[in-house]
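Shown below: my_file-v6.txt, with compact mmCIF, C-alpha atoms.
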```txt
# COMPACT_ATOMS: atom_id res chain seq x y z
CA MET A 1 -0.89 221.58 -6.71
CA THR A 2 -2.30 225.05 -6.12
CA GLU A 3 -5.86 224.69 -7.43
CA GLN A 4 -8.65 223.14 -5.39
CA LEU A 5 -8.70 219.36 -5.55
CA ARG A 6 -11.85 217.79 -6.99
CA LEU A 7 -13.31 214.31 -6.50
CA MET A 8 -16.19 212.76 -8.45
CA ALA A 9 -17.98 209.64 -7.19
CA VAL A 10 -20.12 207.89 -9.81
CA HIS A 11 -22.97 205.82 -8.36
CA ALA A 12 -25.91 203.86 -9.71
CA HIS A 13 -28.73 204.85 -7.34
CA PRO A 14 -29.52 207.29 -4.55
CA ASP A 15 -28.22 205.63 -1.33
CA ASP A 16 -25.16 204.07 -3.01
CA GLU A 17 -23.12 207.19 -2.26
CA SER A 18 -23.89 206.80 1.45
CA SER A 19 -23.01 203.10 1.67
CA LYS A 20 -19.84 203.21 -0.45
CA GLY A 21 -17.13 205.72 0.32
CA ALA A 22 -19.28 208.18 2.25
CA ALA A 23 -16.85 208.71 5.13
CA THR A 24 -14.07 209.28 2.60
CA MET A 25 -16.10 211.97 0.87
CA ALA A 26 -16.97 213.67 4.17
CA LYS A 27 -13.29 213.65 5.15
CA TYR A 28 -12.23 215.28 1.91
CA VAL A 29 -15.02 217.87 2.16
CA SER A 30 -13.69 218.78 5.61
CA GLU A 31 -10.26 219.34 4.04
CA GLY A 32 -11.63 221.70 1.40
CA VAL A 33 -11.85 219.23 -1.49
CA ASP A 34 -14.72 219.85 -3.93
CA VAL A 35 -16.73 216.60 -4.07
CA LEU A 36 -19.46 215.78 -6.59
CA VAL A 37 -21.67 212.68 -6.62
CA ALA A 38 -22.96 211.67 -10.05
CA THR A 39 -26.09 209.53 -9.61
CA CYS A 40 -26.94 207.55 -12.74
CA THR A 41 -30.58 206.67 -11.99
CA GLY A 42 -33.41 207.88 -9.79
CA GLY A 43 -33.82 204.56 -8.00
CA GLU A 44 -37.40 204.33 -9.25
CA ARG A 45 -37.51 200.54 -9.23
CA GLY A 46 -35.74 200.01 -5.93
CA SER A 47 -37.67 197.94 -3.40
CA ILE A 48 -38.74 199.61 -0.16
CA LEU A 49 -36.34 197.79 2.15
CA ASN A 50 -37.21 199.51 5.44
CA PRO A 51 -39.96 197.33 6.97
CA LYS A 52 -41.34 200.36 8.83
CA LEU A 53 -42.23 202.03 5.51
CA GLN A 54 -43.36 199.03 3.48
CA GLY A 55 -46.97 199.23 2.35
CA ASP A 56 -47.13 203.03 2.55
CA PRO A 57 -49.31 203.98 -0.45
CA TYR A 58 -47.87 207.50 -0.80
CA ILE A 59 -44.29 206.21 -0.92
CA GLU A 60 -45.20 203.46 -3.38
CA GLU A 61 -46.94 205.94 -5.69
CA HIS A 62 -44.29 208.68 -5.42
CA ILE A 63 -41.11 206.64 -5.00
CA HIS A 64 -39.13 208.77 -7.48
CA GLU A 65 -39.88 212.01 -5.60
CA VAL A 66 -39.35 210.38 -2.20
CA ARG A 67 -35.94 209.02 -3.16
CA ALA A 68 -34.93 212.39 -4.64
CA LYS A 69 -35.77 214.08 -1.32
CA GLU A 70 -33.79 211.44 0.55
CA MET A 71 -30.84 212.15 -1.73
CA ASP A 72 -31.12 215.88 -1.01
CA GLU A 73 -30.90 215.19 2.72
CA ALA A 74 -27.97 212.77 2.41
CA ARG A 75 -26.13 215.21 0.14
CA ASP A 76 -26.48 217.98 2.72
CA ILE A 77 -25.30 215.71 5.54
CA LEU A 78 -22.18 214.72 3.58
CA GLY A 79 -21.53 218.27 2.40
CA VAL A 80 -21.14 217.17 -1.22
CA LYS A 81 -22.57 218.39 -4.51
CA GLN A 82 -24.78 216.01 -6.48
CA GLU A 83 -26.04 215.70 -10.06
CA TRP A 84 -28.47 213.27 -11.67
CA LEU A 85 -27.48 211.70 -14.99
CA GLY A 86 -31.17 211.05 -15.65
CA PHE A 87 -31.31 207.35 -16.49
CA VAL A 88 -34.17 205.09 -15.40
CA ASP A 89 -33.53 202.41 -12.76
CA SER A 90 -33.37 198.90 -14.20
CA GLY A 91 -34.50 197.13 -11.05
CA LEU A 92 -32.90 193.94 -9.76
CA PRO A 93 -34.26 190.99 -11.76
CA GLU A 94 -35.10 187.94 -9.67
CA GLY A 95 -36.20 184.42 -10.55
CA ASP A 96 -35.00 181.45 -12.58
CA PRO A 97 -34.83 182.16 -15.39
CA LEU A 98 -34.31 185.86 -14.83
CA PRO A 99 -36.99 188.07 -16.41
CA PRO A 100 -35.98 190.53 -19.14
CA LEU A 101 -34.96 194.02 -18.09
CA PRO A 102 -37.57 196.77 -18.51
CA GLU A 103 -37.57 198.58 -21.84
CA GLY A 104 -35.71 201.90 -21.75
CA CYS A 105 -33.88 201.20 -18.48
CA PHE A 106 -30.31 202.24 -17.77
CA ALA A 107 -28.75 198.81 -18.21
CA LEU A 108 -30.14 198.51 -21.75
CA GLN A 109 -28.70 201.81 -23.00
CA ASP A 110 -25.94 201.92 -25.57
CA VAL A 111 -22.76 202.22 -23.47
CA ASP A 112 -21.00 204.79 -25.65
CA GLU A 113 -24.12 206.93 -25.95
CA ALA A 114 -24.87 206.78 -22.23
CA ALA A 115 -21.25 207.63 -21.38
CA GLY A 116 -21.70 210.95 -23.17
CA ARG A 117 -23.71 212.33 -20.25
CA LEU A 118 -20.92 211.47 -17.85
CA VAL A 119 -18.27 212.89 -20.18
CA LYS A 120 -20.16 216.19 -20.18
CA LEU A 121 -20.30 216.23 -16.38
CA ILE A 122 -16.61 215.35 -16.07
CA ARG A 123 -15.69 218.17 -18.42
CA GLU A 124 -17.85 220.61 -16.48
CA PHE A 125 -16.66 219.60 -13.00
CA ARG A 126 -13.07 218.73 -13.98
CA PRO A 127 -12.32 216.11 -11.28
CA HIS A 128 -8.77 215.02 -10.56
CA VAL A 129 -10.01 211.69 -9.19
CA VAL A 130 -13.03 209.54 -10.09
CA THR A 131 -14.43 206.63 -8.07
CA THR A 132 -16.91 203.99 -9.24
CA TYR A 133 -17.53 200.21 -9.13
CA ASP A 134 -15.46 197.34 -10.49
CA GLU A 135 -16.52 195.22 -13.48
CA ASN A 136 -18.76 193.11 -11.20
CA GLY A 137 -20.58 196.22 -10.01
CA GLY A 138 -19.49 195.57 -6.43
CA TYR A 139 -22.41 193.15 -6.59
CA PRO A 140 -24.11 192.04 -9.81
CA HIS A 141 -26.91 194.60 -10.08
CA PRO A 142 -27.32 195.52 -13.77
CA ASP A 143 -27.21 199.24 -12.97
CA HIS A 144 -23.96 198.87 -11.02
CA ILE A 145 -22.36 196.98 -13.89
CA MET A 146 -23.59 199.62 -16.35
CA THR A 147 -22.22 202.35 -14.08
CA HIS A 148 -18.82 200.68 -14.30
CA LYS A 149 -19.04 200.46 -18.09
CA ILE A 150 -19.94 204.10 -18.74
CA THR A 151 -17.38 205.35 -16.21
CA MET A 152 -14.58 203.44 -17.91
CA VAL A 153 -15.55 204.91 -21.29
CA ALA A 154 -15.98 208.42 -19.88
CA PHE A 155 -12.64 208.37 -18.03
CA GLU A 156 -10.81 207.58 -21.27
CA ALA A 157 -12.89 209.86 -23.49
CA ALA A 158 -13.19 213.01 -21.37
CA GLY A 159 -9.66 214.14 -22.19
CA ASP A 160 -9.86 213.33 -25.90
CA PRO A 161 -10.99 216.32 -28.01
CA SER A 162 -11.96 214.00 -30.87
CA ARG A 163 -14.58 212.21 -28.75
CA TYR A 164 -17.89 213.76 -27.70
CA PRO A 165 -16.92 217.18 -29.13
CA GLU A 166 -20.37 218.50 -28.20
CA ALA A 167 -19.75 217.76 -24.50
CA GLY A 168 -17.43 220.69 -23.75
CA GLU A 169 -13.74 221.37 -23.36
CA PRO A 170 -11.68 218.21 -22.77
CA TRP A 171 -10.56 217.34 -19.25
CA GLN A 172 -8.55 214.29 -18.24
CA PRO A 173 -8.98 212.97 -14.68
CA GLN A 174 -5.71 211.63 -13.28
CA LYS A 175 -6.86 208.60 -11.28
CA LEU A 176 -9.74 206.14 -11.28
CA TYR A 177 -10.64 203.95 -8.31
CA TYR A 178 -13.08 201.13 -7.60
CA ASN A 179 -14.92 201.24 -4.28
CA GLN A 180 -13.98 198.13 -2.29
CA GLY A 181 -15.40 198.92 1.15
CA PHE A 182 -17.12 195.53 1.30
CA ASN A 183 -13.97 193.48 1.44
CA ARG A 184 -13.15 190.25 3.24
CA GLN A 185 -10.28 191.69 5.29
CA ARG A 186 -12.46 194.36 6.89
CA THR A 187 -15.41 192.03 7.37
CA GLN A 188 -13.27 189.33 8.99
CA ALA A 189 -11.54 191.83 11.29
CA LEU A 190 -14.82 193.28 12.55
CA HIS A 191 -16.39 189.83 12.89
CA ASP A 192 -13.47 188.56 14.98
CA ALA A 193 -13.42 191.70 17.14
CA LEU A 194 -17.12 191.38 17.93
CA LEU A 195 -16.81 187.72 18.90
CA GLU A 196 -13.72 188.42 21.04
CA ARG A 197 -15.79 190.94 23.00
CA GLY A 198 -18.66 188.49 23.46
CA MET A 199 -20.88 190.39 21.06
CA GLU A 200 -23.04 189.13 18.22
CA SER A 201 -21.67 189.57 14.70
CA PRO A 202 -23.87 190.34 11.66
CA TYR A 203 -21.12 189.06 9.36
CA GLY A 204 -21.06 185.31 10.00
CA GLU A 205 -23.29 184.33 7.09
CA TRP A 206 -21.47 186.73 4.73
CA LEU A 207 -18.13 185.15 5.55
CA GLU A 208 -19.46 181.62 5.10
CA ARG A 209 -20.60 182.35 1.53
CA TRP A 210 -17.83 184.76 0.58
CA HIS A 211 -16.32 182.26 -1.87
CA THR A 212 -19.52 182.51 -3.95
CA MET A 213 -19.31 186.30 -4.23
CA GLY A 214 -16.51 186.54 -6.79
CA ARG A 215 -12.76 186.74 -6.65
CA GLU A 216 -10.82 188.56 -3.97
CA ARG A 217 -10.03 192.12 -4.98
CA THR A 218 -6.69 193.89 -4.63
CA LEU A 219 -6.94 196.64 -2.02
CA THR A 220 -4.47 199.38 -2.89
CA THR A 221 -5.71 202.39 -0.97
CA PHE A 222 -6.79 202.71 2.66
CA VAL A 223 -8.22 206.15 3.45
CA PRO A 224 -8.28 206.96 7.20
CA CYS A 225 -11.76 208.35 7.86
CA GLY A 226 -12.94 206.90 11.17
CA ASP A 227 -13.82 210.37 12.46
CA PHE A 228 -16.47 210.57 9.75
CA PHE A 229 -18.23 207.23 10.31
CA GLU A 230 -21.05 208.96 12.20
CA ILE A 231 -21.68 211.33 9.27
CA ARG A 232 -21.65 208.31 6.94
CA ASP A 233 -24.30 206.57 9.03
CA LYS A 234 -26.50 209.70 9.24
CA ALA A 235 -26.37 210.04 5.46
CA LEU A 236 -27.28 206.39 5.05
CA ILE A 237 -30.21 206.67 7.46
CA ALA A 238 -31.47 209.64 5.42
CA HIS A 239 -32.32 207.10 2.70
CA ALA A 240 -35.23 205.95 4.84
CA THR A 241 -36.96 203.82 2.21
CA GLN A 242 -33.79 201.78 1.72
CA ILE A 243 -32.29 201.56 5.19
CA ASP A 244 -33.71 200.24 8.45
CA PRO A 245 -32.01 202.24 11.25
CA ASP A 246 -32.37 199.17 13.47
CA GLY A 247 -30.89 196.84 10.86
CA GLY A 248 -27.57 195.08 10.52
CA TRP A 249 -25.76 198.07 9.04
CA PHE A 250 -25.69 199.69 12.46
CA ARG A 251 -25.03 196.77 14.83
CA VAL A 252 -21.29 197.32 15.08
CA PRO A 253 -20.46 200.12 17.55
CA LEU A 254 -18.67 203.05 15.94
CA ASP A 255 -15.94 203.06 18.58
CA LEU A 256 -15.15 199.45 17.77
CA GLN A 257 -15.10 200.21 14.03
CA ARG A 258 -12.71 203.11 14.59
CA GLU A 259 -10.44 200.93 16.73
CA VAL A 260 -10.40 197.85 14.51
CA TRP A 261 -10.80 199.21 10.99
CA PRO A 262 -10.78 203.03 10.72
CA THR A 263 -10.39 203.20 6.92
CA GLU A 264 -12.37 202.87 3.70
CA GLU A 265 -10.76 200.84 0.94
CA TYR A 266 -10.28 201.29 -2.79
CA GLU A 267 -8.69 199.52 -5.72
CA LEU A 268 -6.62 201.78 -7.97
CA ALA A 269 -7.79 200.93 -11.50
CA LYS A 270 -6.05 203.62 -13.56
CA SER A 271 -3.45 206.25 -12.76
CA LEU A 272 -1.78 208.79 -15.01
CA VAL A 273 0.51 209.94 -12.18
CA GLY A 274 3.21 208.15 -10.26
CA THR A 275 2.22 206.73 -6.88
CA SER A 276 3.45 204.14 -4.38
CA LEU A 277 1.21 201.34 -3.17
CA PRO A 278 -0.36 200.97 -0.75
CA GLU A 279 -1.76 204.50 -0.52
CA ASP A 280 -3.65 206.35 2.20
CA ASP A 281 -4.90 209.18 -0.04
CA LEU A 282 -6.91 209.14 -3.27
CA PHE A 283 -4.91 212.21 -4.35
CA ALA A 284 -1.50 210.59 -3.81
CA GLY A 285 0.72 211.63 -6.69
CA ILE A 286 -1.54 214.56 -7.54
CA ARG A 287 -1.12 216.87 -4.54
CA ASN A 288 2.58 217.43 -5.20
CA ASN A 289 2.45 217.75 -8.99
```
What does this structure look like when you write it as structure tokens?
Amino acid sequence: MTEQLRLMAVHAHPDDESSKGAATMAKYVSEGVDVLVATCTGGERGSILNPKLQGDPYIEEHIHEVRAKEMDEARDILGVKQEWLGFVDSGLPEGDPLPPLPEGCFALQDVDEAAGRLVKLIREFRPHVVTTYDENGGYPHPDHIMTHKITMVAFEAAGDPSRYPEAGEPWQPQKLYYNQGFNRQRTQALHDALLERGMESPYGEWLERWHTMGRERTLTTFVPCGDFFEIRDKALIAHATQIDPDGGWFRVPLDLQREVWPTEEYELAKSLVGTSLPEDDLFAGIRNN
């Protein structure tokens, strides 16, 4: 492989790129890989989760612009490129029964039509590897599930000249991965390590209700990126409306994380190249071709 390697991470909202696979992206950037984040929506309907910023009238009125600026800062911290696909956030419906999704939102788009925007971006950027969410969205947010759907269509269609002919010259990515950083193995290992050291764990409740959160996923790929956990956290904190810097995300010391679980995990969903599992590199099977 003599040309520059390229990685595309497809995410639903600004902040998702910093909570899912961010250390991996920073690691690859440091190695000279060209990394592009494709953000499907602007996060316009996301709740303001940082209690320090709740009730701020400017933020509430200008949430789209505020979240775009947060994304700019996180992008610069990670050293990645970033493009907006331009869909409108669907919000996370709550209640019983659940209310209908807002008219015109991302999750209500025609899947094949919406995938066309991603096909165009894939053909322009020409990634060797694409990452996204599994069929459950990682968690069942309608935008995460829709992100999965359009990515699956776009991965298959981008290399087919008969599909989306208006979207540019065909390009076929070689591998597709699902982000699986929130997995039981990692969570259990960190939980146990904290308790062994007499420290409080933020994961107890998660582990107790894990059986309600869907089936266990198959982890195929463990990318060593502990040296980039600090960059990951800085990028996440840049999304100030979404992340409380004093919250549970940051209660586990980085040194302990690096010692106990210094990787980010993925599930290999599709591969057009030969590879051996488990892997420690998203480009396994591509670098030597």
So which residues are close to (-33.0, 203.8, 1.3), meaning at most 9 Å away in the file's coordinates with all atoms listed in the file counted, and can you show them as a ChimeraX atom specification? /A:14-16,46-50,67,70,236-244
Is it possible to get the axis-aligned box enclosing stretch 229-243 of chain A (all listed atoms, 5 Å extra per side) as AutoDock Vina command-line options, with centre and edge lengths in Å rounded to one decimal?
```
--center_x -27.6 --center_y 206.4 --center_z 7.0 --size_x 28.7 --size_y 19.8 --size_z 20.5
```
Measuring between all atoms listed in the file, which one of A:Lys52, A:Tyr178, A:Val10, A:Glu94 shows the shortest distance to A:Ala115? A:Val10
All residues 10 Å or closer to A:Gln185, only C-alpha atoms, same chain fewer than 5 positions away omitted, as a list in words: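 My reading of the contact set: Leu190, His191, Glu216, Leu219 and Trp261 of chain A.
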For A:His144, which residue among A:Glu156, A:Asp233, A:Glu279, A:Asp89 is the nearest when counting only C-alpha atoms?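 Checking each of A:Glu156, A:Asp233, A:Glu279, A:Asp89 against A:His144, counting only C-alpha atoms, the winner is A:Asp89.
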Near-A:Gln188 list (9 Å; all atoms listed in the file; drop same-chain fewer than 5 positions) as a PyMOL selection string: chain A and resi 183+193+203-204+207
Which residues of stretch 196-222 of chain A come within 12 Å of stretch 173-177 of chain A, and for each one, what is the closest pair of atoms and their distance in Å to one decimal, counting all atoms listed in the file, sorted by chain and residue number, as CSV?
```
residue,atom,partner,partner_atom,distance
A:Thr218,CA,A:Tyr177,CA,11.4
A:Leu219,CA,A:Tyr177,CA,10.3
A:Thr220,CA,A:Tyr177,CA,9.4
A:Thr221,CA,A:Tyr177,CA,9.0
A:Phe222,CA,A:Tyr177,CA,11.7
```
So, with only C-alpha atoms as the atoms that count, which of A:Arg123, A:His64, A:Asn136, A:Phe229 lies closest to A:Glu166?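 Comparing A:Arg123, A:His64, A:Asn136, A:Phe229 against A:Glu166, the winner is A:Arg123.
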Check the smallest atom-to-atom distance from each of A:Gln82, A:Gln54, A:Thr147, A:Gln109 to A:Cys40 using all atoms listed in the file, then report the winner.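 For A:Cys40, the nearest of the given residues is A:Thr147.
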Using all atoms listed in the file, what residues lie at most 12 Å away from (-10.5, 217.9, -21.7) (file coordinates), given as a PyMOL selection string? chain A and resi 119-128+154-174
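Rounded to one decimal, atom CA of A:Phe106 and atom CA of A:Ala22 lie 23.6 Å from each other.
Closest approach to A:Leu78 among A:Trp210, A:Ala235, A:Glu135, A:Ala107 is made by A:Ala235 (distances from only C-alpha atoms).
Nearest residue to A:Val29 among A:Thr275, A:Gln4, A:Gln180, A:Thr41 is A:Gln4, counting all atoms listed in the file.
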Exercise: A:Ala284 partners within 9 Å, only C-alpha atoms, chain neighbours under 4 positions left out, as JSON, numbers by chain: {"A": [273, 274, 275, 276, 279, 280, 288]}
Give me, please, the distance in Å between atom CA of A:Met8 and atom CA of A:Val37, quoted to one decimal. 5.8 Å
By how many Å are atom CA of A:Leu7 and atom CA of A:Glu265 apart?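 Distance between the two atoms: 15.6 Å.
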Residues within 12 Å of A:Gly138, only C-alpha atoms, excluding chain neighbours under 2 positions, as number ranges by chain: A: 11-12, 16, 19-20, 132-136, 140-148, 178-183, 213-217, 266-267
